[in-house]
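Taking it in order: structure first as structure tokens, then the write-up.
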Protein chains: 2
Amino acid sequence: MKFYEKYRKVVECNNSLVCVGLDTDPKLIPDFLNQEPDPIFAFNQQIIDATCDLVNAYKLNSAFYEAGGSRGFETLKKTRNYIPSPIPVILDGKRNDIGNSSKMYARMAFEQFGFDGITVNPYLGGDSIKPFLDYKDKGIFVLCLTSNPGALDFQMHGDPPLYIRVAESVNNWNTNRNCGLVVGATKSELLKKVREVAPDLILLIPGVGAQGGKAEDVVKYGGENLIINSSRAIIYASGDSDFAQKAREATIILRDNINRFL
Amino acid sequence: MKFYEKYRKVVECNNSLVCVGLDTDPKLIPDFLNQEPDPIFAFNQQIIDATCDLVNAYKLNSAFYEAGGSRGFETLKKTRNYIPSPIPVILDGKRNDIGNSSKMYARMAFEQFGFDGITVNPYLGGDSIKPFLDYKDKGIFVLCLTSNPGALDFQMHGDPPLYIRVAESVNNWNTNRNCGLVVGATKSELLKKVREVAPDLILLIPGVGAQGGKAEDVVKYGGENLIINSSRAIIYASGDSDFAQKAREATIILRDNINRFL
């Protein structure tokens, strides 16, 4: 099944635009989990069990797993495999390289780990992203406008600003309907400008919650086809043994808060 | 020891500006190595043994190791550890994310794997690169102008073009003398422009050899402080049992070809 269809199906089924980001930091999980053979996996399992009927996707931030070396990569794989198959799982790896190497990154994400989607960085241009796009059933989310203050350094460069140029290009690459854009929720007023040049693309929107982005603005300017990610505000809603229940409650609140504005 | 000092020392000692890129593809190594428990590591060991007195650095392209999953990450670590300690080893990972996540990538590269340097992507701006720069003894190589045709898509955007804006910024971030730039050899005439705004930074220059960059032009426009990388033209100089000897010969030819123009 194509990424887009899988995504639409779970949006309908769970009535949700929320994506839970499993940016699991071993230093921030409840202490009692450290007696488990793989504490991060044990944490992720409980978060997934508690939220999988409330989300439209999961996003796994590769950095947090890589920091644990090859063992962390094992945890990444186990976590991906634990997520029920109807739900799209995105590797947030922000990968990019020349074509020869991008091919290997795509092989890693899609063949070795079986992710449904990946985030990629546009700096190296179209030919560096093509090896990802060649996987027609996957979702390729290209960084456009990010949620951090440093987004202003280069993404606003030029006229039209670089992020608009990127959005236009990705919109042109979408011949197989497998492209999306990453647009930070903290700059929601600019979402409108992205939507003007990329009306149909799925927008992956990080930055709601801990980073300060507002659900109302995201829905107002982002329109349809959104994957609204929240990581820290959900998975660390409690640092105690009730962490999974509190994550569930935080997900419900965010989901309903978004749905109110649809 | 700071990256810059380590780099200068090995440049003097080996009289070389050549970096060998260990972009080791399991499909391209000689067949007989497949009887080894870790064929890629066996290949890398022989390449390193045959070239370590001829180089100023090794560059390990993360994509090629990640494509093998957690086992590939193990090979990455073993390879890094096998390289003699005086020689700087760069993880070519082109990583970048918001600060919170970049910190994890830096921890992976420098603490988990012990690399001396890393390549990073500038798209997310200064605050996304700061967690790497906080490691004052490491070498942080920021993508500036890449060697692929798609480099024209976004790196030339604006006036001044984005790559110049990036070079200027990185030059300003170099307060701890731990910054460098990645500038593709295939666009050597533009090296001159990069040098004008970043006169002292170490330039990591891929694209000599298989990608068509010329050593003469690189030296002419790049000046001092170069790490000139060649991967495929060296490590696959022969596909037979003499691959290590042929890699040595190819490295000598490239080194001498560069040194002629100094």
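Each chain of the structure tokens is named A, B, ... in the order shown, its residues numbered from 1; ligands are numbered from 1 in display order.
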Problem set entry | Close residues, A:Leu133 itself excluded, 10 Å, only C-alpha atoms, min 6 positions apart in chain, as a list in words | Ala106, Gly126, Asp127, Gly139, Ile140, Phe141, Trp173, Asn174, Thr175, Asn176, Arg177, Asn178 and Cys179 of chain A
I need the chosen residues saved as an mmCIF file, in the first residue's frame, with N, CA and C atoms.
```
data_model
loop_
_atom_site.group_PDB
_atom_site.id
_atom_site.type_symbol
_atom_site.label_atom_id
_atom_site.label_comp_id
_atom_site.auth_asym_id
_atom_site.auth_seq_id
_atom_site.Cartn_x
_atom_site.Cartn_y
_atom_site.Cartn_z
ATOM 1 N N ALA A 106 18.656 4.951 1.934
ATOM 2 C CA ALA A 106 17.309 4.474 1.614
ATOM 3 C C ALA A 106 17.211 2.969 1.872
ATOM 4 N N GLY A 126 18.091 17.842 -5.796
ATOM 5 C CA GLY A 126 17.175 16.817 -6.289
ATOM 6 C C GLY A 126 17.783 15.442 -6.490
ATOM 7 N N ASP A 127 18.976 15.376 -7.074
ATOM 8 C CA ASP A 127 19.540 14.050 -7.359
ATOM 9 C C ASP A 127 19.911 13.295 -6.093
ATOM 10 N N GLY A 139 6.996 7.208 2.179
ATOM 11 C CA GLY A 139 6.752 8.641 2.341
ATOM 12 C C GLY A 139 8.067 9.366 2.591
ATOM 13 N N ILE A 140 8.391 10.328 1.714
ATOM 14 C CA ILE A 140 9.667 11.042 1.808
ATOM 15 C C ILE A 140 9.382 12.473 2.256
ATOM 16 N N PHE A 141 9.761 12.783 3.476
ATOM 17 C CA PHE A 141 9.460 14.096 4.052
ATOM 18 C C PHE A 141 10.720 14.966 4.024
ATOM 19 N N TRP A 173 8.436 17.235 -7.438
ATOM 20 C CA TRP A 173 8.942 15.854 -7.377
ATOM 21 C C TRP A 173 7.850 14.855 -7.013
ATOM 22 N N ASN A 174 6.653 15.331 -6.734
ATOM 23 C CA ASN A 174 5.612 14.486 -6.145
ATOM 24 C C ASN A 174 4.818 13.682 -7.167
ATOM 25 N N THR A 175 5.453 13.318 -8.272
ATOM 26 C CA THR A 175 4.716 12.616 -9.336
ATOM 27 C C THR A 175 4.190 11.260 -8.871
ATOM 28 N N ASN A 176 4.813 10.654 -7.884
ATOM 29 C CA ASN A 176 4.310 9.373 -7.370
ATOM 30 C C ASN A 176 3.530 9.538 -6.064
ATOM 31 N N ARG A 177 3.183 10.764 -5.752
ATOM 32 C CA ARG A 177 2.429 11.051 -4.528
ATOM 33 C C ARG A 177 3.107 10.441 -3.290
ATOM 34 N N ASN A 178 4.431 10.564 -3.257
ATOM 35 C CA ASN A 178 5.145 9.999 -2.097
ATOM 36 C C ASN A 178 6.010 11.042 -1.393
ATOM 37 N N CYS A 179 5.697 12.327 -1.649
ATOM 38 C CA CYS A 179 6.478 13.395 -1.015
ATOM 39 C C CYS A 179 5.693 14.093 0.081
#
```
Would you tabulate, counting only C-alpha atoms, all residues of chain B that have an atom at most 6 Å from an atom of chain A, showing the closest pair of atoms and their distance in Å to one decimal, sorted by chain then ascending number, as a tab-separated table?
```
residue	atom	partner	partner_atom	distance
B:Ala63	CA	A:Tyr105	CA	5.2
B:Phe64	CA	A:Met104	CA	5.8
B:Glu66	CA	A:Met108	CA	5.9
B:Ala67	CA	A:Met108	CA	4.1
B:Ser70	CA	A:Ser70	CA	4.7
B:Phe73	CA	A:Ser70	CA	5.2
B:Glu74	CA	A:Ser70	CA	5.8
B:Ser101	CA	A:Ala63	CA	5.9
B:Met104	CA	A:Ala63	CA	5.4
B:Tyr105	CA	A:Ala63	CA	5.2
B:Arg107	CA	A:Ala67	CA	5.8
B:Met108	CA	A:Ala67	CA	4.1
B:Leu124	CA	A:Ala151	CA	5.2
B:Gly125	CA	A:Gly150	CA	4.4
B:Gly126	CA	A:Gly150	CA	5.4
B:Asp127	CA	A:Gly150	CA	5.3
B:Gly150	CA	A:Gly125	CA	4.3
B:Ala151	CA	A:Leu124	CA	5.2
B:Asp153	CA	A:Gly125	CA	5.2
B:Gly158	CA	A:Gly158	CA	4.0
```
DSSP says strand (DSSP E) for which residues of stretch 3-238 of chain B? Put them as a short mmCIF file (atom, residue, chain, number, x, y, z; two decimals) with N, CA and C atoms, in the first residue's frame?
```cif
data_model
loop_
_atom_site.label_atom_id
_atom_site.label_comp_id
_atom_site.auth_asym_id
_atom_site.auth_seq_id
_atom_site.Cartn_x
_atom_site.Cartn_y
_atom_site.Cartn_z
N VAL B 18 46.09 13.47 1.03
CA VAL B 18 45.08 12.50 0.62
C VAL B 18 44.35 11.88 1.82
N CYS B 19 43.05 11.81 1.68
CA CYS B 19 42.20 11.09 2.63
C CYS B 19 41.59 9.91 1.87
N VAL B 20 41.64 8.73 2.46
CA VAL B 20 41.00 7.59 1.81
C VAL B 20 39.59 7.42 2.40
N GLY B 21 38.62 7.37 1.51
CA GLY B 21 37.22 7.21 1.93
C GLY B 21 36.83 5.75 1.96
N ALA B 57 44.12 11.46 6.61
CA ALA B 57 42.88 11.17 7.32
C ALA B 57 42.19 9.99 6.65
N TYR B 58 41.27 9.37 7.37
CA TYR B 58 40.32 8.45 6.76
C TYR B 58 38.93 9.02 6.96
N LYS B 59 38.07 8.78 5.98
CA LYS B 59 36.68 9.23 6.08
C LYS B 59 35.80 8.00 5.92
N LEU B 60 34.95 7.77 6.90
CA LEU B 60 34.05 6.61 6.85
C LEU B 60 32.64 7.11 6.54
N ASN B 61 32.11 6.68 5.42
CA ASN B 61 30.77 7.11 5.03
C ASN B 61 29.74 6.26 5.77
N VAL B 89 40.21 10.47 12.02
CA VAL B 89 39.16 9.70 11.35
C VAL B 89 37.85 10.48 11.41
N ILE B 90 37.29 10.70 10.22
CA ILE B 90 36.09 11.53 10.09
C ILE B 90 34.88 10.65 9.78
N LEU B 91 33.82 10.84 10.55
CA LEU B 91 32.55 10.18 10.23
C LEU B 91 31.81 11.05 9.22
N ASP B 92 31.65 10.52 8.02
CA ASP B 92 30.91 11.25 7.00
C ASP B 92 29.44 10.88 7.14
N GLY B 93 28.77 11.58 8.04
CA GLY B 93 27.39 11.24 8.37
C GLY B 93 26.41 12.30 7.91
N LYS B 94 26.94 13.50 7.58
CA LYS B 94 26.09 14.62 7.12
C LYS B 94 24.88 14.80 8.04
N ARG B 95 25.10 14.67 9.33
CA ARG B 95 24.02 14.76 10.29
C ARG B 95 23.64 16.20 10.56
N GLY B 117 36.36 13.65 13.84
CA GLY B 117 35.63 14.69 13.13
C GLY B 117 34.35 14.13 12.56
N ILE B 118 33.50 15.05 12.09
CA ILE B 118 32.22 14.62 11.50
C ILE B 118 31.83 15.62 10.42
N THR B 119 31.09 15.15 9.42
CA THR B 119 30.49 16.08 8.46
C THR B 119 29.06 16.36 8.90
N VAL B 120 28.65 17.64 8.82
CA VAL B 120 27.29 18.04 9.21
C VAL B 120 26.66 18.90 8.12
N GLY B 139 36.83 17.94 14.87
CA GLY B 139 36.75 18.70 13.62
C GLY B 139 35.33 18.60 13.05
N ILE B 140 34.69 19.77 12.87
CA ILE B 140 33.31 19.80 12.40
C ILE B 140 33.29 20.34 10.97
N PHE B 141 33.01 19.49 10.02
CA PHE B 141 33.05 19.87 8.61
C PHE B 141 31.63 20.09 8.09
N VAL B 142 31.34 21.35 7.78
CA VAL B 142 29.99 21.73 7.38
C VAL B 142 29.88 21.67 5.86
N LEU B 143 28.83 21.04 5.35
CA LEU B 143 28.61 21.00 3.90
C LEU B 143 28.47 22.41 3.38
N CYS B 144 29.21 22.72 2.33
CA CYS B 144 29.17 24.05 1.75
C CYS B 144 28.73 23.92 0.28
N LEU B 145 29.58 23.31 -0.51
CA LEU B 145 29.31 23.13 -1.94
C LEU B 145 29.63 21.68 -2.26
N CYS B 179 36.44 24.17 13.05
CA CYS B 179 35.51 24.12 11.91
C CYS B 179 36.23 23.84 10.60
N GLY B 180 35.51 23.22 9.70
CA GLY B 180 35.98 23.02 8.34
C GLY B 180 34.78 23.09 7.40
N LEU B 181 35.06 23.02 6.11
CA LEU B 181 34.00 23.05 5.11
C LEU B 181 34.16 21.88 4.15
N VAL B 182 33.04 21.36 3.68
CA VAL B 182 33.08 20.36 2.61
C VAL B 182 32.83 21.08 1.30
N VAL B 183 33.80 21.00 0.40
CA VAL B 183 33.67 21.66 -0.91
C VAL B 183 34.07 20.65 -1.99
N ILE B 202 40.01 24.29 7.32
CA ILE B 202 40.36 23.08 6.59
C ILE B 202 39.22 22.76 5.63
N LEU B 203 39.57 22.53 4.38
CA LEU B 203 38.55 22.13 3.40
C LEU B 203 38.64 20.63 3.15
N LEU B 204 37.54 19.97 3.37
CA LEU B 204 37.42 18.55 3.06
C LEU B 204 36.83 18.46 1.66
N ILE B 205 37.62 17.87 0.75
CA ILE B 205 37.27 17.94 -0.66
C ILE B 205 37.01 16.55 -1.24
N LEU B 226 44.09 21.31 3.26
CA LEU B 226 43.15 20.51 2.48
C LEU B 226 43.14 19.05 2.96
N ILE B 227 41.99 18.46 2.89
CA ILE B 227 41.85 17.01 3.04
C ILE B 227 41.15 16.56 1.77
N ILE B 228 41.94 15.97 0.87
CA ILE B 228 41.40 15.63 -0.45
C ILE B 228 41.01 14.15 -0.45
N ASN B 229 39.71 13.93 -0.49
CA ASN B 229 39.22 12.56 -0.34
C ASN B 229 39.04 11.85 -1.68
N SER B 230 39.47 10.61 -1.71
CA SER B 230 39.14 9.74 -2.83
C SER B 230 38.67 8.41 -2.24
#
```
For this session: Apply DSSP to the backbone of this structure and, from stretch 180-235 of chain B, keep only the residues in helix (DSSP H, G or I); write these as a PyMOL selection string.
Result: chain B and resi 185-197+215-222+232-235
Problem set entry | All residues 10 Å or closer to B:Phe261, only C-alpha atoms, same chain fewer than 3 positions away omitted, as a PyMOL selection string | chain B and resi 215-220+256-258
Produce a file of the selected residues containing N, CA and C atoms, as a JSON list (two decimals), in the first residue's frame.
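Produced file result_2.json, reproduced below:
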```
[["chain", "number", "residue", "atom", "x", "y", "z"],
["B", 215, "ALA", "N", 43.00, 17.01, -9.38],
["B", 215, "ALA", "CA", 43.88, 17.36, -8.28],
["B", 215, "ALA", "C", 44.54, 18.72, -8.49],
["B", 216, "GLU", "N", 44.95, 18.98, -9.71],
["B", 216, "GLU", "CA", 45.67, 20.22, -10.01],
["B", 216, "GLU", "C", 44.82, 21.44, -9.65],
["B", 217, "ASP", "N", 43.55, 21.40, -10.08],
["B", 217, "ASP", "CA", 42.66, 22.54, -9.83],
["B", 217, "ASP", "C", 42.39, 22.71, -8.34],
["B", 218, "VAL", "N", 42.26, 21.59, -7.65],
["B", 218, "VAL", "CA", 41.97, 21.65, -6.22],
["B", 218, "VAL", "C", 43.10, 22.36, -5.49],
["B", 219, "VAL", "N", 44.32, 21.99, -5.80],
["B", 219, "VAL", "CA", 45.47, 22.62, -5.14],
["B", 219, "VAL", "C", 45.60, 24.08, -5.56],
["B", 220, "LYS", "N", 45.35, 24.35, -6.84],
["B", 220, "LYS", "CA", 45.47, 25.71, -7.36],
["B", 220, "LYS", "C", 44.52, 26.67, -6.65],
["B", 256, "ASP", "N", 51.19, 11.87, -4.99],
["B", 256, "ASP", "CA", 52.29, 12.51, -5.73],
["B", 256, "ASP", "C", 51.76, 13.50, -6.76],
["B", 257, "ASN", "N", 50.64, 13.16, -7.34],
["B", 257, "ASN", "CA", 50.00, 14.04, -8.32],
["B", 257, "ASN", "C", 49.60, 15.36, -7.67],
["B", 258, "ILE", "N", 49.12, 15.27, -6.46],
["B", 258, "ILE", "CA", 48.78, 16.50, -5.71],
["B", 258, "ILE", "C", 50.05, 17.25, -5.33]]
```
Applying 8 Å and only C-alpha atoms, which residues near B:Thr79 remain after dropping the ones on its own chain fewer than 5 positions away? List them as an mmCIF file with C-alpha atoms, in the first residue's frame.
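Saved file selection_33.cif follows:
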```
data_model
loop_
_atom_site.group_PDB
_atom_site.id
_atom_site.type_symbol
_atom_site.label_atom_id
_atom_site.label_comp_id
_atom_site.auth_asym_id
_atom_site.auth_seq_id
_atom_site.Cartn_x
_atom_site.Cartn_y
_atom_site.Cartn_z
ATOM 1 C CA PHE B 41 35.915 -5.187 8.218
ATOM 2 C CA ASN B 44 38.874 -2.241 5.496
ATOM 3 C CA GLN B 45 41.711 -3.717 7.570
#
```
Problem set entry | Who sits within 12 Å of B:Ala233, only C-alpha atoms, same chain under 5 positions skipped, as a ChimeraX atom specification | /B:19-23,206-213,238-239,243,246-251,253-254
Restricted to C-alpha atoms, what would the selected residues look like written as a PDB file, in the first residue's frame?
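In the end it all went to part-v1.pdb:
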```pdb
ATOM      1  CA  CYS B  19      42.200  11.089   2.629  1.00  0.00           C
ATOM      2  CA  VAL B  20      40.998   7.593   1.814  1.00  0.00           C
ATOM      3  CA  GLY B  21      37.222   7.206   1.932  1.00  0.00           C
ATOM      4  CA  LEU B  22      36.132   3.860   3.295  1.00  0.00           C
ATOM      5  CA  ASP B  23      32.752   3.782   1.527  1.00  0.00           C
ATOM      6  CA  PRO B 206      35.441  14.908  -2.022  1.00  0.00           C
ATOM      7  CA  GLY B 207      34.976  14.145  -5.683  1.00  0.00           C
ATOM      8  CA  VAL B 208      38.558  13.642  -6.853  1.00  0.00           C
ATOM      9  CA  GLY B 209      38.816  10.483  -8.918  1.00  0.00           C
ATOM     10  CA  ALA B 210      35.577   8.601  -9.703  1.00  0.00           C
ATOM     11  CA  GLN B 211      33.526  11.801  -9.672  1.00  0.00           C
ATOM     12  CA  GLY B 212      35.901  13.632 -12.022  1.00  0.00           C
ATOM     13  CA  GLY B 213      37.534  16.348  -9.900  1.00  0.00           C
ATOM     14  CA  SER B 238      41.288  -3.785  -8.175  1.00  0.00           C
ATOM     15  CA  GLY B 239      38.460  -6.225  -7.526  1.00  0.00           C
ATOM     16  CA  PHE B 243      43.073  -5.006  -4.073  1.00  0.00           C
ATOM     17  CA  LYS B 246      46.442  -1.648  -5.951  1.00  0.00           C
ATOM     18  CA  ALA B 247      44.802   0.689  -3.438  1.00  0.00           C
ATOM     19  CA  ARG B 248      48.273   1.548  -2.166  1.00  0.00           C
ATOM     20  CA  GLU B 249      49.500   2.261  -5.667  1.00  0.00           C
ATOM     21  CA  ALA B 250      46.460   4.432  -6.440  1.00  0.00           C
ATOM     22  CA  THR B 251      46.999   6.377  -3.228  1.00  0.00           C
ATOM     23  CA  ILE B 253      49.758   8.197  -7.531  1.00  0.00           C
ATOM     24  CA  LEU B 254      47.120  10.606  -6.179  1.00  0.00           C
TER      25      LEU B 254
END
```
